2 protein chains.
Amino acid sequence: MVKNDPATDKGEQTRKQIFESALELFRERGFDSTTMQGIATHAKVVKSAAYYYFPSKEAIIQAYYETVQAEQERLCAEMFAETKDLKIRLATALHSKFDLAKNDRNLLGVVFRYTGEPEHPLSCLGRGTAEIRRRSTQVFRDAIGEEKLPNDLREFLPIALWALQMGLLVMFLYDSSENQRRTRRMADGALDLSLKLLGLAKLAVLKPIRIKVLALLREADLLSGSKNSK
Amino acid sequence: MVKNDPATDKGEQTRKQIFESALELFRERGFDSTTMQGIATHAKVVKSAAYYYFPSKEAIIQAYYETVQAEQERLCAEMFAETKDLKIRLATALHSKFDLAKNDRNLLGVVFRYTGEPEHPLSCLGRGTAEIRRRSTQVFRDAIGEEKLPNDLREFLPIALWALQMGLLVMFLYDSSENQRRTRRMADGALDLSLKLLGLAKLAVLKPIRIKVLALLREADLLSGSKNSK
DNA sequence: CCGTTAATTTGACCATGTTCAAATATGTCT
DNA sequence: AGACATATTTGAACATGGTCAAATTAACGG
């Protein structure tokens, strides 16, 4: 059995020691060059204790990603209370994750390791990560809030924004410009463009396209409410 | 030293044995449950011989992906000689890779393992895979051929189509519908839409957006010709 | 055919992620 | 307190990806 959530105080303590030792070493030497033995030693436990709390080395990164997610939720909730301006809210949602992770770009890459392996419990698109994905889209749903929107777009937008964020996150990892300026600008530009398009969405020429896009995504099971979803 | 291209006949033979044994076992038991020892034994060589020809287990998958790429180039060249119809040519380019890999979806996922790790030699977006990426976009460039197009779009399209294909490839891996019908339809739909948009691209209202998109991508270094590329 | 060089093959070895059954500590109920 | 259950800790082992220096084999110029 594995303890994501230890039952006792001492257990929680141990888990925290291991988690923090791991992060410290990952940051210092990188993910691959850090050994479980090293982590355990640094946390003053024995190697197999680490496996009592984390099913694998990658799972520690996953746990880290969840702390980032939680922080983002906190930050965004705070900011969303301050302004009703959609653009600002969306920009906050997009940028906050980058802000939180900007010093851990090497760690974050591991989150994508099993992207191409649907059955892997840590696949960032798989079953095992559905919950954190839900939380991630929820942030965008919250950002959109009560904004006046047709129903189909209200459903579509958070998922599209989540996808945008995932894409930008990859770009972020590869971005060698100082402070990831390029990714930041791309985020702003993409947002700007999306909002412009949203404004144009009711345009006559574009209406059939919008219908088509949504139908396509629905059939592809990328939006809920499809006949295929199960 | 590692031999991607053995110097002697016998070497080539050995490499082939190892490669084919590996594929056979991967297909039979999956990537992770297949051991290098098993591959070597099946190929009637010793384990370290496998490492003489392939730097890592994942590198065998990379080699497999290259054979798929080569096949796609052959197939497409053939089809491109048959018709000048842009839509058919692009559909061929998109679908051919799926056709070639449809029985190896579990293998193909490994190609994405280092997506989030820019420095890894097998990162599908990194330096080490630049050449195969170039070949992959070249197929789309060839598909577009002599089609009348503004210069900026001519530069942009192949890259966008390559990105579309990568995205669809991931979807393909997750697609549980029989024969990956959903991904196929998505490909057709996306293509249809892209061509419609291409037709609309000259529309007055959309012109500034098109300019903006291209400028954004150029700044992000996703298109060549940027001041940032080096 | 001989010697030299380069290509290939070999087996022994290592590092490390992961497993597991047993031991110990901790909490809980009576 | 004592007994029982549950949570945690432990150390010993394993499986496997990967390395390496040495041995063997092929290629080639003279």
# chains A, B, ... in the order shown; residues from 1 in each chain; ligands from 1
call {"tool": "select_by_dssp", "arguments": {"residues": "chain A", "states": "helix (DSSP H, G or I)", "output": "PDB file with C-alpha atoms, in the first residue's frame"}}
result
ATOM      1  CA  ASP A   9       1.079  12.828  12.271  1.00  0.00           C
ATOM      2  CA  LYS A  10       4.438  11.160  12.140  1.00  0.00           C
ATOM      3  CA  GLY A  11       3.619   9.727   8.753  1.00  0.00           C
ATOM      4  CA  GLU A  12       2.744  13.140   7.432  1.00  0.00           C
ATOM      5  CA  GLN A  13       6.010  14.417   8.801  1.00  0.00           C
ATOM      6  CA  THR A  14       7.998  11.694   7.105  1.00  0.00           C
ATOM      7  CA  ARG A  15       6.252  12.198   3.824  1.00  0.00           C
ATOM      8  CA  LYS A  16       7.027  15.875   3.961  1.00  0.00           C
ATOM      9  CA  GLN A  17      10.677  15.205   4.709  1.00  0.00           C
ATOM     10  CA  ILE A  18      10.949  12.906   1.752  1.00  0.00           C
ATOM     11  CA  PHE A  19       9.053  15.252  -0.534  1.00  0.00           C
ATOM     12  CA  GLU A  20      11.133  18.246   0.373  1.00  0.00           C
ATOM     13  CA  SER A  21      14.409  16.413   0.215  1.00  0.00           C
ATOM     14  CA  ALA A  22      13.451  15.181  -3.216  1.00  0.00           C
ATOM     15  CA  LEU A  23      12.615  18.654  -4.476  1.00  0.00           C
ATOM     16  CA  GLU A  24      15.811  20.066  -3.066  1.00  0.00           C
ATOM     17  CA  LEU A  25      17.913  17.450  -4.772  1.00  0.00           C
ATOM     18  CA  PHE A  26      15.960  17.567  -8.022  1.00  0.00           C
ATOM     19  CA  ARG A  27      16.494  21.300  -8.177  1.00  0.00           C
ATOM     20  CA  GLU A  28      20.136  20.967  -7.368  1.00  0.00           C
ATOM     21  CA  ARG A  29      21.147  18.109  -9.644  1.00  0.00           C
ATOM     22  CA  MET A  36      16.037   7.529  -4.622  1.00  0.00           C
ATOM     23  CA  GLN A  37      18.831   6.472  -2.338  1.00  0.00           C
ATOM     24  CA  GLY A  38      20.053  10.056  -2.234  1.00  0.00           C
ATOM     25  CA  ILE A  39      16.596  11.357  -1.505  1.00  0.00           C
ATOM     26  CA  ALA A  40      16.071   8.846   1.282  1.00  0.00           C
ATOM     27  CA  THR A  41      19.430   9.522   2.845  1.00  0.00           C
ATOM     28  CA  HIS A  42      18.868  13.262   2.730  1.00  0.00           C
ATOM     29  CA  LYS A  47      15.083   3.940   0.605  1.00  0.00           C
ATOM     30  CA  SER A  48      12.037   1.725   0.809  1.00  0.00           C
ATOM     31  CA  ALA A  49      10.377   4.254   3.085  1.00  0.00           C
ATOM     32  CA  ALA A  50      10.314   6.636   0.147  1.00  0.00           C
ATOM     33  CA  TYR A  51       8.416   4.000  -1.790  1.00  0.00           C
ATOM     34  CA  TYR A  52       5.933   3.708   1.013  1.00  0.00           C
ATOM     35  CA  TYR A  53       4.948   7.301   0.355  1.00  0.00           C
ATOM     36  CA  LYS A  57      10.288   8.640  -8.576  1.00  0.00           C
ATOM     37  CA  GLU A  58       8.100  10.312 -11.171  1.00  0.00           C
ATOM     38  CA  ALA A  59       5.217  10.275  -8.708  1.00  0.00           C
ATOM     39  CA  ILE A  60       7.147  12.777  -6.598  1.00  0.00           C
ATOM     40  CA  ILE A  61       7.106  15.161  -9.544  1.00  0.00           C
ATOM     41  CA  GLN A  62       3.400  14.544  -9.917  1.00  0.00           C
ATOM     42  CA  ALA A  63       2.954  15.469  -6.274  1.00  0.00           C
ATOM     43  CA  TYR A  64       4.982  18.598  -6.915  1.00  0.00           C
ATOM     44  CA  TYR A  65       2.757  19.473  -9.853  1.00  0.00           C
ATOM     45  CA  GLU A  66      -0.232  19.125  -7.591  1.00  0.00           C
ATOM     46  CA  THR A  67       1.203  21.648  -5.159  1.00  0.00           C
ATOM     47  CA  VAL A  68       1.687  24.031  -8.068  1.00  0.00           C
ATOM     48  CA  GLN A  69      -1.905  23.450  -9.105  1.00  0.00           C
ATOM     49  CA  ALA A  70      -3.125  24.116  -5.583  1.00  0.00           C
ATOM     50  CA  GLU A  71      -1.107  27.307  -5.378  1.00  0.00           C
ATOM     51  CA  GLN A  72      -2.507  28.427  -8.697  1.00  0.00           C
ATOM     52  CA  GLU A  73      -6.031  27.863  -7.487  1.00  0.00           C
ATOM     53  CA  ARG A  74      -5.312  29.917  -4.405  1.00  0.00           C
ATOM     54  CA  LEU A  75      -3.685  32.747  -6.351  1.00  0.00           C
ATOM     55  CA  CYS A  76      -6.417  32.855  -8.961  1.00  0.00           C
ATOM     56  CA  ALA A  77      -9.237  32.820  -6.448  1.00  0.00           C
ATOM     57  CA  GLU A  78      -7.582  35.832  -4.862  1.00  0.00           C
ATOM     58  CA  MET A  79      -7.178  37.694  -8.132  1.00  0.00           C
ATOM     59  CA  PHE A  80     -10.636  36.819  -9.402  1.00  0.00           C
ATOM     60  CA  ALA A  81     -12.070  38.568  -6.380  1.00  0.00           C
ATOM     61  CA  GLU A  82     -10.304  41.747  -7.432  1.00  0.00           C
ATOM     62  CA  LEU A  86     -12.197  38.904 -18.448  1.00  0.00           C
ATOM     63  CA  LYS A  87      -8.902  39.537 -20.137  1.00  0.00           C
ATOM     64  CA  ILE A  88      -7.090  40.161 -16.900  1.00  0.00           C
ATOM     65  CA  ARG A  89      -8.665  37.129 -15.303  1.00  0.00           C
ATOM     66  CA  LEU A  90      -7.674  34.881 -18.148  1.00  0.00           C
ATOM     67  CA  ALA A  91      -4.177  36.309 -18.265  1.00  0.00           C
ATOM     68  CA  THR A  92      -3.868  35.662 -14.556  1.00  0.00           C
ATOM     69  CA  ALA A  93      -4.985  32.083 -15.029  1.00  0.00           C
ATOM     70  CA  LEU A  94      -2.473  31.539 -17.795  1.00  0.00           C
ATOM     71  CA  HIS A  95       0.498  33.302 -16.270  1.00  0.00           C
ATOM     72  CA  SER A  96       0.113  32.160 -12.701  1.00  0.00           C
ATOM     73  CA  LYS A  97       1.290  28.647 -13.416  1.00  0.00           C
ATOM     74  CA  PHE A  98       4.327  29.957 -15.199  1.00  0.00           C
ATOM     75  CA  ASP A  99       5.067  32.276 -12.346  1.00  0.00           C
ATOM     76  CA  LEU A 100       4.848  29.445  -9.874  1.00  0.00           C
ATOM     77  CA  ALA A 101       7.011  27.066 -11.859  1.00  0.00           C
ATOM     78  CA  ARG A 105      11.305  24.079 -15.575  1.00  0.00           C
ATOM     79  CA  ASN A 106      13.564  21.062 -15.532  1.00  0.00           C
ATOM     80  CA  LEU A 107      11.358  19.275 -13.024  1.00  0.00           C
ATOM     81  CA  LEU A 108       8.155  20.106 -14.800  1.00  0.00           C
ATOM     82  CA  GLY A 109       9.218  18.400 -17.985  1.00  0.00           C
ATOM     83  CA  VAL A 110       8.876  15.043 -16.287  1.00  0.00           C
ATOM     84  CA  VAL A 111       5.132  15.616 -16.068  1.00  0.00           C
ATOM     85  CA  PHE A 112       5.013  15.003 -19.807  1.00  0.00           C
ATOM     86  CA  ARG A 127      -7.215   8.334 -16.466  1.00  0.00           C
ATOM     87  CA  GLY A 128      -4.840   8.613 -13.564  1.00  0.00           C
ATOM     88  CA  THR A 129      -4.583  12.373 -13.953  1.00  0.00           C
ATOM     89  CA  ALA A 130      -8.223  13.148 -14.687  1.00  0.00           C
ATOM     90  CA  GLU A 131      -8.767  14.848 -11.369  1.00  0.00           C
ATOM     91  CA  ILE A 132      -5.942  17.332 -11.677  1.00  0.00           C
ATOM     92  CA  ARG A 133      -7.041  18.027 -15.227  1.00  0.00           C
ATOM     93  CA  ARG A 134     -10.486  18.795 -13.928  1.00  0.00           C
ATOM     94  CA  ARG A 135      -9.055  21.202 -11.397  1.00  0.00           C
ATOM     95  CA  SER A 136      -6.978  22.833 -14.066  1.00  0.00           C
ATOM     96  CA  THR A 137      -9.947  23.475 -16.354  1.00  0.00           C
ATOM     97  CA  GLN A 138     -11.983  24.611 -13.382  1.00  0.00           C
ATOM     98  CA  VAL A 139      -9.638  27.549 -12.959  1.00  0.00           C
ATOM     99  CA  PHE A 140     -10.539  28.714 -16.437  1.00  0.00           C
ATOM    100  CA  ARG A 141     -14.203  28.101 -15.835  1.00  0.00           C
ATOM    101  CA  ASP A 142     -13.917  30.293 -12.768  1.00  0.00           C
ATOM    102  CA  ALA A 143     -12.053  32.923 -14.737  1.00  0.00           C
ATOM    103  CA  ILE A 144     -14.867  33.102 -17.264  1.00  0.00           C
ATOM    104  CA  ASN A 151     -23.704  27.842 -24.072  1.00  0.00           C
ATOM    105  CA  ASP A 152     -21.583  25.937 -26.529  1.00  0.00           C
ATOM    106  CA  LEU A 153     -18.724  28.381 -26.159  1.00  0.00           C
ATOM    107  CA  ARG A 154     -19.101  28.368 -22.406  1.00  0.00           C
ATOM    108  CA  GLU A 155     -18.476  24.671 -22.503  1.00  0.00           C
ATOM    109  CA  PHE A 156     -15.760  24.823 -25.100  1.00  0.00           C
ATOM    110  CA  LEU A 157     -13.665  27.685 -23.826  1.00  0.00           C
ATOM    111  CA  PRO A 158     -12.293  26.232 -20.578  1.00  0.00           C
ATOM    112  CA  ILE A 159     -11.127  23.108 -22.361  1.00  0.00           C
ATOM    113  CA  ALA A 160      -9.589  25.097 -25.174  1.00  0.00           C
ATOM    114  CA  LEU A 161      -7.828  27.312 -22.668  1.00  0.00           C
ATOM    115  CA  TRP A 162      -6.579  24.300 -20.776  1.00  0.00           C
ATOM    116  CA  ALA A 163      -5.175  22.929 -24.028  1.00  0.00           C
ATOM    117  CA  LEU A 164      -3.625  26.290 -24.766  1.00  0.00           C
ATOM    118  CA  GLN A 165      -2.009  26.269 -21.354  1.00  0.00           C
ATOM    119  CA  MET A 166      -0.606  22.785 -21.853  1.00  0.00           C
ATOM    120  CA  GLY A 167       0.853  23.814 -25.174  1.00  0.00           C
ATOM    121  CA  LEU A 168       2.301  26.963 -23.712  1.00  0.00           C
ATOM    122  CA  LEU A 169       3.713  24.943 -20.856  1.00  0.00           C
ATOM    123  CA  VAL A 170       5.710  22.862 -23.297  1.00  0.00           C
ATOM    124  CA  MET A 171       6.834  26.010 -25.051  1.00  0.00           C
ATOM    125  CA  PHE A 172       7.753  27.401 -21.643  1.00  0.00           C
ATOM    126  CA  LEU A 173      10.032  24.439 -21.027  1.00  0.00           C
ATOM    127  CA  TYR A 174      11.866  25.020 -24.282  1.00  0.00           C
ATOM    128  CA  GLU A 178      15.278  35.451 -20.426  1.00  0.00           C
ATOM    129  CA  ASN A 179      12.403  34.939 -18.025  1.00  0.00           C
ATOM    130  CA  GLN A 180      10.627  33.025 -20.812  1.00  0.00           C
ATOM    131  CA  ARG A 181       9.626  36.282 -22.395  1.00  0.00           C
ATOM    132  CA  ARG A 182       8.683  34.598 -25.648  1.00  0.00           C
ATOM    133  CA  THR A 183       6.220  32.255 -24.015  1.00  0.00           C
ATOM    134  CA  ARG A 184       4.735  35.099 -22.006  1.00  0.00           C
ATOM    135  CA  ARG A 185       4.167  37.157 -25.109  1.00  0.00           C
ATOM    136  CA  MET A 186       2.759  34.170 -26.898  1.00  0.00           C
ATOM    137  CA  ALA A 187       0.315  33.667 -24.061  1.00  0.00           C
ATOM    138  CA  ASP A 188      -0.753  37.291 -24.197  1.00  0.00           C
ATOM    139  CA  GLY A 189      -0.990  37.243 -27.953  1.00  0.00           C
ATOM    140  CA  ALA A 190      -2.975  34.034 -28.028  1.00  0.00           C
ATOM    141  CA  LEU A 191      -5.316  35.399 -25.419  1.00  0.00           C
ATOM    142  CA  ASP A 192      -5.773  38.650 -27.257  1.00  0.00           C
ATOM    143  CA  LEU A 193      -6.497  36.755 -30.425  1.00  0.00           C
ATOM    144  CA  SER A 194      -8.908  34.393 -28.753  1.00  0.00           C
ATOM    145  CA  LEU A 195     -10.892  37.263 -27.344  1.00  0.00           C
ATOM    146  CA  LYS A 196     -10.944  38.977 -30.708  1.00  0.00           C
ATOM    147  CA  LEU A 197     -12.162  35.780 -32.295  1.00  0.00           C
ATOM    148  CA  LEU A 198     -14.740  35.449 -29.590  1.00  0.00           C
ATOM    149  CA  GLY A 199     -15.974  38.890 -30.552  1.00  0.00           C
ATOM    150  CA  LEU A 200     -16.071  37.834 -34.176  1.00  0.00           C
ATOM    151  CA  LYS A 207     -20.993  31.103 -37.765  1.00  0.00           C
ATOM    152  CA  PRO A 208     -20.937  27.890 -39.811  1.00  0.00           C
ATOM    153  CA  ILE A 209     -17.300  27.417 -38.960  1.00  0.00           C
ATOM    154  CA  ARG A 210     -17.932  27.804 -35.279  1.00  0.00           C
ATOM    155  CA  ILE A 211     -20.732  25.249 -35.493  1.00  0.00           C
ATOM    156  CA  LYS A 212     -18.463  22.948 -37.375  1.00  0.00           C
ATOM    157  CA  VAL A 213     -15.572  23.221 -34.950  1.00  0.00           C
ATOM    158  CA  LEU A 214     -17.781  22.462 -32.027  1.00  0.00           C
ATOM    159  CA  ALA A 215     -19.446  19.531 -33.756  1.00  0.00           C
ATOM    160  CA  LEU A 216     -16.050  18.166 -34.650  1.00  0.00           C
ATOM    161  CA  LEU A 217     -14.744  18.414 -31.128  1.00  0.00           C
ATOM    162  CA  ARG A 218     -17.890  16.890 -29.787  1.00  0.00           C
ATOM    163  CA  GLU A 219     -17.596  13.947 -32.088  1.00  0.00           C
TER     164      GLU A 219
END
call {"tool": "closest_residue", "arguments": {"among": "B:Cys124, B:Thr35, B:Gly30, B:Ala7", "to": "chain D", "atoms": "only C-alpha atoms (C1' of nucleotides)"}}
result
B:Thr35
call {"tool": "closest_residue", "arguments": {"among": "C:DC2, C:DA15, C:DC29, C:DA21", "to": "chain A", "atoms": "only C-alpha atoms (C1' of nucleotides)"}}
result
C:DA15
call {"tool": "closest_atom_pairs", "arguments": {"of": "chain D", "to": "chain B", "cutoff": "12 Å", "atoms": "only C-alpha atoms (C1' of nucleotides)", "output": "tab-separated table"}}
result
residue	atom	partner	partner_atom	distance
D:DA15	C1'	B:Thr35	CA	9.6
D:DT16	C1'	B:Thr35	CA	7.1
D:DG17	C1'	B:Met36	CA	7.6
D:DG18	C1'	B:Ser56	CA	8.0
D:DT19	C1'	B:Ser48	CA	9.0
D:DC20	C1'	B:Ser48	CA	10.0
D:DT25	C1'	B:Lys10	CA	10.9
D:DA26	C1'	B:Thr8	CA	8.5
D:DA27	C1'	B:Thr8	CA	9.2
call {"tool": "atom_distance", "arguments": {"atom1": "atom C1' of D:DA12", "atom2": "atom C1' of C:DT16"}}
result
15.3 Å
call {"tool": "interface_residues", "arguments": {"of": "chain C", "to": "chain B", "cutoff": "8 Å", "atoms": "only C-alpha atoms (C1' of nucleotides)", "output": "tab-separated table (two decimals) with C-alpha atoms (C1' of nucleotides), in the first residue's frame"}}
result
chain	number	residue	atom	x	y	z
C	7	DA	C1'	34.76	-2.88	-36.89
C	8	DT	C1'	32.41	-6.00	-34.12
C	9	DT	C1'	31.59	-9.12	-30.30
C	10	DT	C1'	31.98	-10.54	-25.74
call {"tool": "residues_around", "arguments": {"residues": "D:DG2", "least_positions_apart": "2", "cutoff": "12 Å", "atoms": "only C-alpha atoms (C1' of nucleotides)", "output": "NGL selection string"}}
result
(:C and (28-30)) or (:D and (4))
call {"tool": "atom_distance", "arguments": {"atom1": "atom C1' of C:DC20", "atom2": "atom CA of A:Asn4"}}
result
19.6 Å
call {"tool": "closest_residue", "arguments": {"among": "D:DG30, D:DA13, D:DA21, D:DA5", "to": "C:DG27", "atoms": "only C-alpha atoms (C1' of nucleotides)"}}
result
D:DA5
